[in-house]
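Pasting target-v7.cif here (mmCIF, C-alpha atoms):
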data_my_file
loop_
_atom_site.label_atom_id
_atom_site.label_comp_id
_atom_site.auth_asym_id
_atom_site.auth_seq_id
_atom_site.Cartn_x
_atom_site.Cartn_y
_atom_site.Cartn_z
CA MET A 25 -2.14 -13.30 -77.72
CA ARG A 26 -0.12 -11.49 -75.08
CA PRO A 27 3.65 -11.39 -75.35
CA GLY A 28 5.85 -12.91 -72.68
CA ARG A 29 3.31 -15.50 -71.60
CA PRO A 30 5.01 -17.84 -69.16
CA ALA A 31 4.79 -21.54 -69.83
CA GLY A 32 1.95 -22.90 -67.71
CA SER A 33 0.12 -26.19 -67.74
CA PRO A 34 -3.45 -26.76 -66.51
CA PRO A 35 -2.13 -28.60 -63.44
CA ASN A 36 -0.39 -25.33 -62.43
CA ARG A 37 -3.70 -23.51 -62.75
CA GLN A 38 -5.43 -26.07 -60.57
CA ALA A 39 -2.62 -25.96 -58.03
CA ILE A 40 -2.98 -22.17 -57.80
CA LEU A 41 -6.76 -22.37 -57.29
CA THR A 42 -6.32 -25.02 -54.63
CA ALA A 43 -3.65 -22.99 -52.86
CA ALA A 44 -5.78 -19.84 -53.09
CA ARG A 45 -8.79 -21.51 -51.52
CA ARG A 46 -6.61 -22.80 -48.70
CA LYS A 47 -4.81 -19.53 -48.02
CA PHE A 48 -7.97 -17.40 -48.18
CA ALA A 49 -9.67 -19.80 -45.78
CA GLU A 50 -6.73 -19.85 -43.39
CA HIS A 51 -5.92 -16.15 -43.39
CA GLY A 52 -8.95 -14.38 -44.77
CA TYR A 53 -8.99 -12.18 -47.83
CA ASN A 54 -6.85 -9.40 -46.42
CA GLN A 55 -3.96 -11.36 -45.02
CA ALA A 56 -3.60 -14.01 -47.70
CA THR A 57 -0.97 -12.85 -50.18
CA ILE A 58 -0.38 -13.73 -53.82
CA ARG A 59 3.20 -14.51 -52.83
CA ALA A 60 2.12 -17.03 -50.18
CA ILE A 61 -0.42 -18.58 -52.55
CA ALA A 62 2.22 -18.91 -55.27
CA ALA A 63 4.69 -20.45 -52.81
CA ASP A 64 2.03 -22.91 -51.68
CA ALA A 65 1.29 -23.86 -55.29
CA GLY A 66 5.00 -24.11 -56.14
CA VAL A 67 4.84 -21.46 -58.88
CA ASP A 68 6.17 -17.96 -59.47
CA PRO A 69 3.89 -15.12 -58.24
CA ALA A 70 3.99 -13.68 -61.78
CA LEU A 71 2.23 -16.79 -63.06
CA VAL A 72 -0.59 -16.28 -60.55
CA HIS A 73 -1.06 -12.71 -61.75
CA HIS A 74 -0.84 -13.83 -65.36
CA TYR A 75 -3.56 -16.47 -65.00
CA PHE A 76 -5.91 -14.68 -62.64
CA GLY A 77 -5.06 -10.96 -62.55
CA THR A 78 -5.68 -9.24 -59.21
CA LYS A 79 -6.09 -10.87 -55.83
CA ALA A 80 -9.81 -10.07 -56.04
CA GLN A 81 -10.06 -11.88 -59.37
CA LEU A 82 -8.16 -14.84 -57.99
CA PHE A 83 -10.49 -14.90 -54.99
CA ALA A 84 -13.54 -14.96 -57.26
CA ALA A 85 -12.03 -17.67 -59.43
CA ALA A 86 -10.97 -19.79 -56.48
CA HIS A 87 -14.29 -19.64 -54.65
CA ALA A 88 -16.49 -21.36 -57.14
CA PHE A 89 -17.42 -23.08 -53.84
CA PRO A 90 -16.03 -26.24 -52.23
CA VAL A 91 -18.69 -28.24 -54.03
CA ASP A 92 -20.44 -27.26 -57.22
CA PRO A 93 -23.97 -26.38 -56.11
CA ARG A 94 -25.24 -26.87 -59.63
CA GLN A 95 -24.35 -30.53 -59.24
CA VAL A 96 -25.22 -30.98 -55.56
CA LEU A 97 -28.48 -29.03 -55.28
CA PRO A 98 -30.49 -31.12 -57.78
CA MET A 99 -29.40 -34.24 -55.90
CA LEU A 100 -30.51 -32.76 -52.59
CA LEU A 101 -33.80 -31.54 -54.04
CA GLU A 102 -34.64 -34.98 -55.36
CA GLY A 103 -36.40 -37.48 -53.15
CA ASP A 104 -38.97 -36.99 -50.42
CA ARG A 105 -39.86 -33.30 -50.15
CA GLY A 106 -40.75 -33.92 -46.49
CA ASP A 107 -37.08 -34.59 -45.66
CA LEU A 108 -35.63 -31.70 -47.67
CA GLY A 109 -34.70 -29.63 -44.60
CA ALA A 110 -32.93 -32.51 -42.88
CA ARG A 111 -31.07 -33.42 -46.10
CA LEU A 112 -29.82 -29.85 -46.58
CA VAL A 113 -28.69 -29.53 -42.95
CA ALA A 114 -26.97 -32.92 -42.96
CA PHE A 115 -25.15 -32.05 -46.19
CA PHE A 116 -24.13 -28.63 -44.87
CA LEU A 117 -22.75 -30.15 -41.65
CA GLN A 118 -20.89 -32.70 -43.75
CA ILE A 119 -19.08 -30.11 -45.90
CA MET A 120 -18.41 -27.94 -42.81
CA GLY A 121 -17.28 -30.87 -40.72
CA ALA A 122 -14.28 -31.71 -42.86
CA ASP A 123 -12.38 -29.46 -40.44
CA PRO A 124 -14.46 -28.71 -37.37
CA ALA A 125 -11.99 -26.15 -36.10
CA GLY A 126 -12.87 -23.99 -39.08
CA GLU A 127 -9.26 -23.52 -40.21
CA GLY A 128 -8.91 -24.25 -43.87
CA ASN A 129 -12.68 -24.52 -44.23
CA PRO A 130 -13.70 -22.80 -47.49
CA VAL A 131 -17.12 -21.76 -46.22
CA ILE A 132 -15.58 -20.07 -43.18
CA GLY A 133 -13.00 -18.42 -45.42
CA LEU A 134 -15.80 -16.99 -47.57
CA LEU A 135 -17.67 -15.72 -44.52
CA ARG A 136 -14.51 -14.21 -43.05
CA SER A 137 -13.88 -12.33 -46.27
CA ALA A 138 -17.50 -11.24 -46.64
CA VAL A 139 -17.62 -9.83 -43.12
CA THR A 140 -14.48 -7.74 -43.56
CA HIS A 141 -14.72 -6.63 -47.20
CA ASP A 142 -17.72 -5.18 -48.97
CA SER A 143 -16.35 -6.45 -52.26
CA ALA A 144 -16.11 -9.99 -50.90
CA ALA A 145 -19.60 -9.63 -49.42
CA ALA A 146 -20.84 -8.61 -52.84
CA MET A 147 -18.96 -11.54 -54.41
CA LEU A 148 -20.45 -14.00 -51.92
CA ARG A 149 -23.91 -12.45 -52.26
CA GLU A 150 -23.76 -12.69 -56.05
CA PHE A 151 -22.47 -16.23 -55.91
CA VAL A 152 -25.04 -17.42 -53.38
CA SER A 153 -27.86 -15.70 -55.24
CA ALA A 154 -26.89 -17.04 -58.64
CA GLU A 155 -25.81 -20.53 -57.70
CA VAL A 156 -27.73 -21.43 -54.53
CA LEU A 157 -30.76 -19.22 -53.82
CA GLY A 158 -31.83 -18.93 -57.46
CA PRO A 159 -31.89 -22.66 -58.29
CA LEU A 160 -33.30 -23.50 -54.85
CA ALA A 161 -36.11 -20.95 -55.15
CA GLU A 162 -36.88 -22.11 -58.68
CA SER A 163 -37.46 -25.63 -57.44
CA LEU A 164 -39.90 -24.55 -54.70
CA ALA A 165 -43.59 -24.39 -55.51
CA VAL A 166 -44.33 -21.91 -52.71
CA PRO A 167 -45.08 -18.18 -52.49
CA ASP A 168 -42.03 -15.89 -52.06
CA PRO A 169 -39.50 -18.55 -53.05
CA GLN A 170 -36.55 -16.10 -52.96
CA LEU A 171 -37.44 -15.04 -49.41
CA ARG A 172 -37.70 -18.70 -48.38
CA ALA A 173 -34.28 -19.48 -49.81
CA SER A 174 -32.71 -16.49 -48.04
CA LEU A 175 -34.36 -17.41 -44.71
CA ALA A 176 -32.86 -20.90 -45.01
CA SER A 177 -29.48 -19.43 -45.93
CA SER A 178 -29.58 -17.16 -42.88
CA GLN A 179 -29.98 -20.17 -40.58
CA LEU A 180 -27.14 -22.09 -42.25
CA ILE A 181 -24.89 -19.00 -42.16
CA GLY A 182 -25.76 -18.52 -38.49
CA LEU A 183 -25.00 -22.16 -37.74
CA ALA A 184 -21.61 -21.77 -39.45
CA VAL A 185 -20.69 -18.54 -37.64
CA ALA A 186 -21.99 -19.62 -34.21
CA ARG A 187 -20.49 -23.12 -34.33
CA TYR A 188 -17.22 -22.63 -36.22
CA VAL A 189 -16.28 -18.97 -35.69
CA VAL A 190 -17.75 -17.70 -32.42
CA ARG A 191 -17.69 -21.33 -31.22
CA LEU A 192 -20.67 -21.17 -28.93
CA GLU A 193 -21.05 -24.15 -26.66
CA PRO A 194 -22.73 -26.57 -26.66
CA LEU A 195 -23.16 -26.07 -30.43
CA VAL A 196 -19.53 -26.99 -31.05
CA THR A 197 -19.65 -30.36 -29.35
CA ALA A 198 -23.24 -31.31 -30.25
CA ASP A 199 -23.58 -34.35 -32.52
CA ASP A 200 -24.45 -33.67 -36.15
CA GLU A 201 -27.54 -35.86 -35.65
CA VAL A 202 -28.75 -33.65 -32.81
CA LEU A 203 -28.16 -30.51 -34.86
CA THR A 204 -29.93 -32.01 -37.89
CA ALA A 205 -32.92 -32.86 -35.69
CA TRP A 206 -33.11 -29.24 -34.51
CA TYR A 207 -32.20 -27.36 -37.70
CA GLY A 208 -33.87 -29.68 -40.22
CA PRO A 209 -37.45 -28.68 -39.36
CA THR A 210 -36.44 -24.99 -39.41
CA ILE A 211 -35.11 -25.24 -42.96
CA GLN A 212 -38.08 -27.43 -43.89
CA ARG A 213 -40.56 -24.81 -42.67
CA TYR A 214 -38.74 -21.92 -44.36
CA LEU A 215 -38.66 -23.75 -47.70
CA THR A 216 -41.96 -25.61 -47.79
CA ALA A 217 -44.53 -24.14 -45.33
CA PRO A 218 -47.51 -22.52 -47.12
CA ASP A 219 -46.82 -19.31 -45.16
CA ALA A 220 -45.16 -18.01 -41.99
CA ASP A 221 -48.16 -18.91 -39.83
CA GLN A 222 -48.42 -22.48 -41.07
CA MET B 11 -1.48 5.11 -7.17
CA ARG B 12 0.41 5.52 -10.41
CA PRO B 13 2.53 8.59 -10.98
CA GLY B 14 1.87 10.97 -13.84
CA ARG B 15 -1.81 10.28 -14.03
CA PRO B 16 -3.40 12.76 -16.42
CA ALA B 17 -6.40 14.69 -15.24
CA GLY B 18 -9.49 12.94 -16.59
CA SER B 19 -13.13 13.30 -15.74
CA PRO B 20 -15.74 10.54 -16.06
CA PRO B 21 -17.30 12.28 -19.09
CA ASN B 22 -13.97 11.77 -20.92
CA ARG B 23 -14.13 8.09 -20.09
CA GLN B 24 -17.64 7.82 -21.43
CA ALA B 25 -16.72 9.76 -24.56
CA ILE B 26 -13.87 7.34 -25.24
CA LEU B 27 -16.10 4.28 -24.81
CA THR B 28 -18.71 5.78 -27.11
CA ALA B 29 -16.09 6.64 -29.72
CA ALA B 30 -14.54 3.17 -29.43
CA ARG B 31 -17.86 1.43 -30.01
CA ARG B 32 -18.48 3.60 -33.06
CA LYS B 33 -15.01 3.16 -34.57
CA PHE B 34 -14.87 -0.60 -33.97
CA ALA B 35 -18.31 -0.95 -35.54
CA GLU B 36 -17.40 1.18 -38.54
CA HIS B 37 -13.94 -0.20 -39.23
CA GLY B 38 -13.74 -3.52 -37.40
CA TYR B 39 -11.21 -4.38 -34.74
CA ASN B 40 -8.18 -4.37 -36.99
CA GLN B 41 -8.62 -1.08 -38.75
CA ALA B 42 -9.97 1.02 -35.90
CA THR B 43 -7.05 2.88 -34.29
CA ILE B 44 -6.58 4.30 -30.82
CA ARG B 45 -5.61 7.55 -32.54
CA ALA B 46 -8.90 7.73 -34.47
CA ILE B 47 -10.89 6.79 -31.37
CA ALA B 48 -9.13 9.48 -29.35
CA ALA B 49 -9.73 12.07 -32.08
CA ASP B 50 -13.39 11.10 -32.20
CA ALA B 51 -13.65 11.46 -28.42
CA GLY B 52 -11.73 14.76 -28.45
CA VAL B 53 -8.98 13.52 -26.13
CA ASP B 54 -5.28 12.73 -26.37
CA PRO B 55 -4.42 9.13 -27.38
CA ALA B 56 -2.31 8.86 -24.21
CA LEU B 57 -5.45 9.29 -22.15
CA VAL B 58 -7.13 6.39 -23.95
CA HIS B 59 -4.14 4.14 -23.18
CA HIS B 60 -4.06 5.38 -19.61
CA TYR B 61 -7.72 4.58 -18.95
CA PHE B 62 -8.06 1.36 -20.91
CA GLY B 63 -4.60 -0.03 -21.70
CA THR B 64 -4.34 -1.89 -24.99
CA LYS B 65 -6.71 -1.75 -27.93
CA ALA B 66 -7.94 -5.22 -26.98
CA GLN B 67 -8.74 -4.03 -23.47
CA LEU B 68 -10.51 -0.99 -24.82
CA PHE B 69 -12.51 -3.23 -27.15
CA ALA B 70 -13.60 -5.44 -24.26
CA ALA B 71 -14.50 -2.42 -22.14
CA ALA B 72 -16.40 -0.72 -24.93
CA HIS B 73 -18.47 -3.74 -25.93
CA ALA B 74 -20.48 -4.22 -22.81
CA PHE B 75 -23.13 -4.42 -25.55
CA PRO B 76 -25.42 -1.76 -27.04
CA VAL B 77 -28.05 -2.64 -24.48
CA ASP B 78 -27.48 -4.23 -21.12
CA PRO B 79 -28.87 -7.76 -21.51
CA ARG B 80 -29.16 -8.07 -17.75
CA GLN B 81 -31.76 -5.34 -17.91
CA VAL B 82 -33.43 -6.24 -21.21
CA LEU B 83 -33.63 -10.03 -20.98
CA PRO B 84 -35.83 -10.20 -17.87
CA MET B 85 -38.23 -7.78 -19.56
CA LEU B 86 -38.35 -9.93 -22.69
CA LEU B 87 -38.76 -13.13 -20.70
CA GLU B 88 -41.74 -11.71 -18.81
CA GLY B 89 -45.21 -12.02 -20.25
CA ASP B 90 -46.78 -14.73 -22.38
CA ARG B 91 -44.29 -17.57 -22.87
CA GLY B 92 -46.09 -18.40 -26.15
CA ASP B 93 -44.88 -15.13 -27.68
CA LEU B 94 -41.30 -15.31 -26.44
CA GLY B 95 -39.81 -16.08 -29.86
CA ALA B 96 -41.61 -13.21 -31.57
CA ARG B 97 -40.65 -10.80 -28.75
CA LEU B 98 -36.97 -11.73 -29.01
CA VAL B 99 -36.92 -11.40 -32.81
CA ALA B 100 -38.79 -8.09 -32.78
CA PHE B 101 -36.39 -6.71 -30.16
CA PHE B 102 -33.35 -7.95 -32.07
CA LEU B 103 -34.58 -6.36 -35.31
CA GLN B 104 -35.22 -3.15 -33.39
CA ILE B 105 -31.66 -2.86 -32.04
CA MET B 106 -30.22 -3.90 -35.41
CA GLY B 107 -32.52 -1.61 -37.37
CA ALA B 108 -31.18 1.62 -35.89
CA ASP B 109 -28.86 1.64 -38.89
CA PRO B 110 -30.05 -0.86 -41.50
CA ALA B 111 -26.92 -0.41 -43.59
CA GLY B 112 -24.94 -1.98 -40.78
CA GLU B 113 -22.39 0.83 -40.57
CA GLY B 114 -21.94 1.95 -37.01
CA ASN B 115 -24.06 -0.93 -35.76
CA PRO B 116 -22.47 -2.34 -32.58
CA VAL B 117 -23.71 -5.89 -33.15
CA ILE B 118 -22.19 -5.94 -36.64
CA GLY B 119 -18.98 -4.48 -35.25
CA LEU B 120 -18.79 -7.31 -32.72
CA LEU B 121 -19.43 -9.94 -35.39
CA ARG B 122 -16.86 -8.36 -37.73
CA SER B 123 -14.25 -8.53 -34.98
CA ALA B 124 -15.19 -12.05 -33.94
CA VAL B 125 -14.90 -13.35 -37.47
CA THR B 126 -11.43 -11.90 -38.01
CA HIS B 127 -9.83 -12.30 -34.58
CA ASP B 128 -9.83 -15.36 -32.39
CA SER B 129 -9.39 -13.14 -29.35
CA ALA B 130 -12.47 -11.12 -30.29
CA ALA B 131 -14.37 -14.35 -30.98
CA ALA B 132 -13.42 -15.55 -27.51
CA MET B 133 -14.46 -12.20 -26.08
CA LEU B 134 -17.83 -12.32 -27.84
CA ARG B 135 -18.33 -15.97 -26.94
CA GLU B 136 -17.59 -15.29 -23.27
CA PHE B 137 -19.82 -12.27 -23.25
CA VAL B 138 -22.75 -13.98 -24.99
CA SER B 139 -22.41 -17.05 -22.77
CA ALA B 140 -22.23 -15.10 -19.54
CA GLU B 141 -24.72 -12.35 -20.25
CA VAL B 142 -27.17 -13.78 -22.79
CA LEU B 143 -27.14 -17.58 -23.05
CA GLY B 144 -26.67 -18.20 -19.34
CA PRO B 145 -29.54 -16.04 -18.07
CA LEU B 146 -31.76 -17.12 -20.98
CA ALA B 147 -31.11 -20.82 -20.37
CA GLU B 148 -31.67 -20.38 -16.65
CA SER B 149 -35.14 -19.05 -17.29
CA LEU B 150 -36.16 -21.96 -19.53
CA ALA B 151 -37.80 -24.97 -17.94
CA VAL B 152 -36.77 -27.31 -20.78
CA PRO B 153 -34.15 -30.06 -21.27
CA ASP B 154 -30.77 -28.89 -22.64
CA PRO B 155 -31.37 -25.20 -21.92
CA GLN B 156 -27.83 -24.18 -22.96
CA LEU B 157 -28.23 -25.92 -26.33
CA ARG B 158 -31.60 -24.20 -26.84
CA ALA B 159 -30.10 -20.80 -26.11
CA SER B 160 -27.22 -21.40 -28.53
CA LEU B 161 -29.59 -22.62 -31.28
CA ALA B 162 -31.59 -19.42 -30.91
CA SER B 163 -28.39 -17.36 -30.95
CA SER B 164 -27.27 -19.07 -34.14
CA GLN B 165 -30.46 -17.98 -35.92
CA LEU B 166 -30.16 -14.38 -34.71
CA ILE B 167 -26.47 -14.29 -35.66
CA GLY B 168 -27.35 -15.70 -39.10
CA LEU B 169 -30.09 -13.13 -39.56
CA ALA B 170 -27.61 -10.37 -38.69
CA VAL B 171 -24.90 -11.65 -41.04
CA ALA B 172 -27.22 -12.52 -43.93
CA ARG B 173 -29.25 -9.30 -43.75
CA TYR B 174 -26.70 -6.68 -42.69
CA VAL B 175 -23.34 -8.01 -43.85
CA VAL B 176 -23.81 -10.32 -46.84
CA ARG B 177 -27.03 -8.39 -47.58
CA LEU B 178 -28.97 -11.20 -49.14
CA GLU B 179 -32.12 -10.11 -50.91
CA PRO B 180 -35.00 -10.15 -50.23
CA LEU B 181 -33.98 -10.32 -46.55
CA VAL B 182 -32.65 -6.76 -46.66
CA THR B 183 -35.88 -5.17 -47.87
CA ALA B 184 -38.35 -7.47 -46.11
CA ASP B 185 -40.50 -5.76 -43.45
CA ASP B 186 -39.60 -6.43 -39.83
CA GLU B 187 -43.13 -7.78 -39.36
CA VAL B 188 -42.61 -10.36 -42.11
CA LEU B 189 -39.27 -11.41 -40.64
CA THR B 190 -40.73 -11.64 -37.13
CA ALA B 191 -43.51 -13.88 -38.48
CA TRP B 192 -40.90 -16.21 -40.01
CA TYR B 193 -38.17 -16.14 -37.36
CA GLY B 194 -40.40 -15.89 -34.27
CA PRO B 195 -41.65 -19.50 -34.42
CA THR B 196 -38.09 -20.72 -35.04
CA ILE B 197 -36.79 -19.07 -31.87
CA GLN B 198 -39.95 -20.16 -30.04
CA ARG B 199 -39.38 -23.81 -30.99
CA TYR B 200 -35.68 -23.75 -30.10
CA LEU B 201 -36.40 -22.26 -26.68
CA THR B 202 -39.63 -23.92 -25.64
CA ALA B 203 -40.34 -27.13 -27.60
CA PRO B 204 -40.19 -30.28 -25.42
CA ASP B 205 -37.65 -31.75 -27.84
CA ALA B 206 -36.39 -31.47 -31.43
CA ASP B 207 -39.19 -33.68 -32.78
CA GLN B 208 -42.01 -31.78 -31.13
#

Could you spell out this file's structure in structure tokens?
Amino acid sequence: MRPGRPAGSPPNRQAILTAARRKFAEHGYNQATIRAIAADAGVDPALVHHYFGTKAQLFAAAHAFPVDPRQVLPMLLEGDRGDLGARLVAFFLQIMGADPAGEGNPVIGLLRSAVTHDSAAAMLREFVSAEVLGPLAESLAVPDPQLRASLASSQLIGLAVARYVVRLEPLVTADDEVLTAWYGPTIQRYLTAPDADQ
Amino acid sequence: MRPGRPAGSPPNRQAILTAARRKFAEHGYNQATIRAIAADAGVDPALVHHYFGTKAQLFAAAHAFPVDPRQVLPMLLEGDRGDLGARLVAFFLQIMGADPAGEGNPVIGLLRSAVTHDSAAAMLREFVSAEVLGPLAESLAVPDPQLRASLASSQLIGLAVARYVVRLEPLVTADDEVLTAWYGPTIQRYLTAPDADQ
């Protein structure tokens, strides 16, 4: 037990994680500060350091992902395998669409950090591999399941960057239904086609 | 004519643009400095400012793109329309693959800047719309040509980010031929299918 431990209740810890996710998403990894995160959470910066250590450790702790893929993926993988691509795209658009401008969007915050910091890229890579690609690939009865999962991820990442960061028109203003109709079969083919030449 | 104009030959101008592309790609927009670009080009920083103004203006001038799409696109659009997707993917992998690690890669530099700076995102968006999506869409005899072009761009952007920035395996180590076999039909469908439900 370390000396001088400040009094801190679990709600404080949650408030810090929530504030961290918001600040990293708004400002990116580099420009979000422990001080601003602490202010946002209504706690002393020392408490943030005490609970989570460095900014990098706080980042890792905060970005367990906006939703827990270990809960969501099995749900999405259930049901008609023929609609898997459309279900994944519709769900992805739904979690992205909470804030279409991209500000405060946790996925965009993660991508922003990954693009500017090798350590954040490694963090995101490790997270996506362990929590998304791995379970997804495991559920697929196809050759090269890891490649399939990474192909699908590349299209969803590209959709996020093109629509919410670079803001290419008419992607930005297209209806989610239209995008699901276009992207669904792409994800479906990547995940379930017998091979690339299906 | 402005007073005090330093002597400067066109080769200096070219050297600065080349150095700027390299430094922006290596360090991103934020961390690349006029001083480092000038040192790399072997000129005085004042000359860089004189020729190009602000860092933002230099960035815009430098990123006319690694290849001139106005020259390359017509070439790619010629030939069998049934192979268009594969041709575009193979060409994209070729220009990306000059440096697989992504360091010094102009496309990655552009994406890095776009993700961290709204102004760079606007710059990239305007550039891609004017020089890539516009001409590409114009050449397609399909409904919603602008949407098609932006769908295709989203997959190529996602491939770039997933493979060269986040470095998802096994995308990183997959052969270009394997990736072309997977991504080619995606781009082909986005650009040439009669509609999303083809």

(message) Using all atoms listed in the file and a cut-off of 8 Å, which residues of chain A sit close to chain B? Please list them as a VMD selection string.
(response) chain A and resid 52 135 to 136 138 to 140 145 to 146 148 to 149 153 170 to 171 174 to 175 177 to 183 185 to 187 189 to 195 205 to 206 210 214 220 to 221

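We find CA of Lys33 (chain B) and CA of Ala46 (chain B) to be spaced 7.6 Å apart.
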
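One finds CA of Arg23 (chain B) at 16.7 Å from CA of Thr43 (chain B).
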
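Within the file as shown, the PyMOL selection byres ((chain A and resi 46) around 10) identifies Ile40, Leu41, Thr42, Ala43, Ala44, Arg45, Lys47, Phe48, Ala49, Glu50, His51, Gly52, Ala56, Ile61, Asp64, Ala86, Glu127, Gly128, Asn129, Pro130 and Gly133 of chain A.
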
(request) Tell me which residues the PyMOL selection byres ((chain B and resi 55) around 12) grabs here, as a count of residues only. (result) 26

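With only C-alpha atoms as the basis for measurement, B:Ser149 is the residue among B:Pro21, B:Ser149, B:Asp185, B:Gly144 that approaches Arg91 (chain B) most closely.
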
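We find CA of Leu68 (chain B) and CA of Gln55 (chain A) to be spaced 23.6 Å apart.
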
(message) Selection in question (the file shown): the PyMOL selection byres ((chain B and resi 98) around 10). Which residues does it include, as a PyMOL selection string?
(response) chain B and resi 83+86-87+93-97+99-104+162+166+190+193-194+197-198

Since the input is missing atoms, can you rebuild N, CA and C atoms for region 189-205 of chain B and write them as an mmCIF file, in the coordinates of the input?
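After the write, rebuild-v2.cif holds the following:
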data_model
loop_
_atom_site.group_PDB
_atom_site.id
_atom_site.type_symbol
_atom_site.label_atom_id
_atom_site.label_comp_id
_atom_site.auth_asym_id
_atom_site.auth_seq_id
_atom_site.Cartn_x
_atom_site.Cartn_y
_atom_site.Cartn_z
ATOM 1 N N LEU B 189 -40.374 -10.627 -41.201
ATOM 2 C CA LEU B 189 -39.270 -11.410 -40.640
ATOM 3 C C LEU B 189 -39.623 -11.951 -39.258
ATOM 4 N N THR B 190 -40.318 -11.153 -38.457
ATOM 5 C CA THR B 190 -40.730 -11.640 -37.130
ATOM 6 C C THR B 190 -41.685 -12.821 -37.273
ATOM 7 N N ALA B 191 -42.567 -12.773 -38.265
ATOM 8 C CA ALA B 191 -43.510 -13.880 -38.480
ATOM 9 C C ALA B 191 -42.769 -15.162 -38.863
ATOM 10 N N TRP B 192 -41.671 -15.017 -39.610
ATOM 11 C CA TRP B 192 -40.900 -16.210 -40.010
ATOM 12 C C TRP B 192 -39.953 -16.674 -38.910
ATOM 13 N N TYR B 193 -39.204 -15.736 -38.328
ATOM 14 C CA TYR B 193 -38.170 -16.140 -37.360
ATOM 15 C C TYR B 193 -38.737 -16.399 -35.960
ATOM 16 N N GLY B 194 -39.838 -15.718 -35.610
ATOM 17 C CA GLY B 194 -40.400 -15.890 -34.270
ATOM 18 C C GLY B 194 -40.657 -17.345 -33.909
ATOM 19 N N PRO B 195 -41.388 -18.086 -34.750
ATOM 20 C CA PRO B 195 -41.650 -19.500 -34.420
ATOM 21 C C PRO B 195 -40.383 -20.352 -34.358
ATOM 22 N N THR B 196 -39.358 -19.986 -35.125
ATOM 23 C CA THR B 196 -38.090 -20.720 -35.040
ATOM 24 C C THR B 196 -37.483 -20.575 -33.649
ATOM 25 N N ILE B 197 -37.358 -19.332 -33.202
ATOM 26 C CA ILE B 197 -36.790 -19.070 -31.870
ATOM 27 C C ILE B 197 -37.681 -19.707 -30.795
ATOM 28 N N GLN B 198 -38.996 -19.580 -30.988
ATOM 29 C CA GLN B 198 -39.950 -20.160 -30.040
ATOM 30 C C GLN B 198 -39.724 -21.666 -29.895
ATOM 31 N N ARG B 199 -39.582 -22.353 -31.036
ATOM 32 C CA ARG B 199 -39.380 -23.810 -30.990
ATOM 33 C C ARG B 199 -38.051 -24.148 -30.314
ATOM 34 N N TYR B 200 -36.976 -23.453 -30.711
ATOM 35 C CA TYR B 200 -35.680 -23.750 -30.100
ATOM 36 C C TYR B 200 -35.736 -23.594 -28.575
ATOM 37 N N LEU B 201 -36.428 -22.565 -28.116
ATOM 38 C CA LEU B 201 -36.400 -22.260 -26.680
ATOM 39 C C LEU B 201 -37.422 -23.035 -25.864
ATOM 40 N N THR B 202 -38.551 -23.385 -26.476
ATOM 41 C CA THR B 202 -39.630 -23.920 -25.640
ATOM 42 C C THR B 202 -40.161 -25.299 -26.036
ATOM 43 N N ALA B 203 -39.802 -25.823 -27.223
ATOM 44 C CA ALA B 203 -40.340 -27.130 -27.600
ATOM 45 C C ALA B 203 -39.804 -28.209 -26.649
ATOM 46 N N PRO B 204 -40.639 -29.214 -26.340
ATOM 47 C CA PRO B 204 -40.190 -30.280 -25.420
ATOM 48 C C PRO B 204 -38.933 -30.977 -25.928
ATOM 49 N N ASP B 205 -38.859 -31.188 -27.250
ATOM 50 C CA ASP B 205 -37.650 -31.750 -27.840
ATOM 51 C C ASP B 205 -37.615 -31.391 -29.322
#
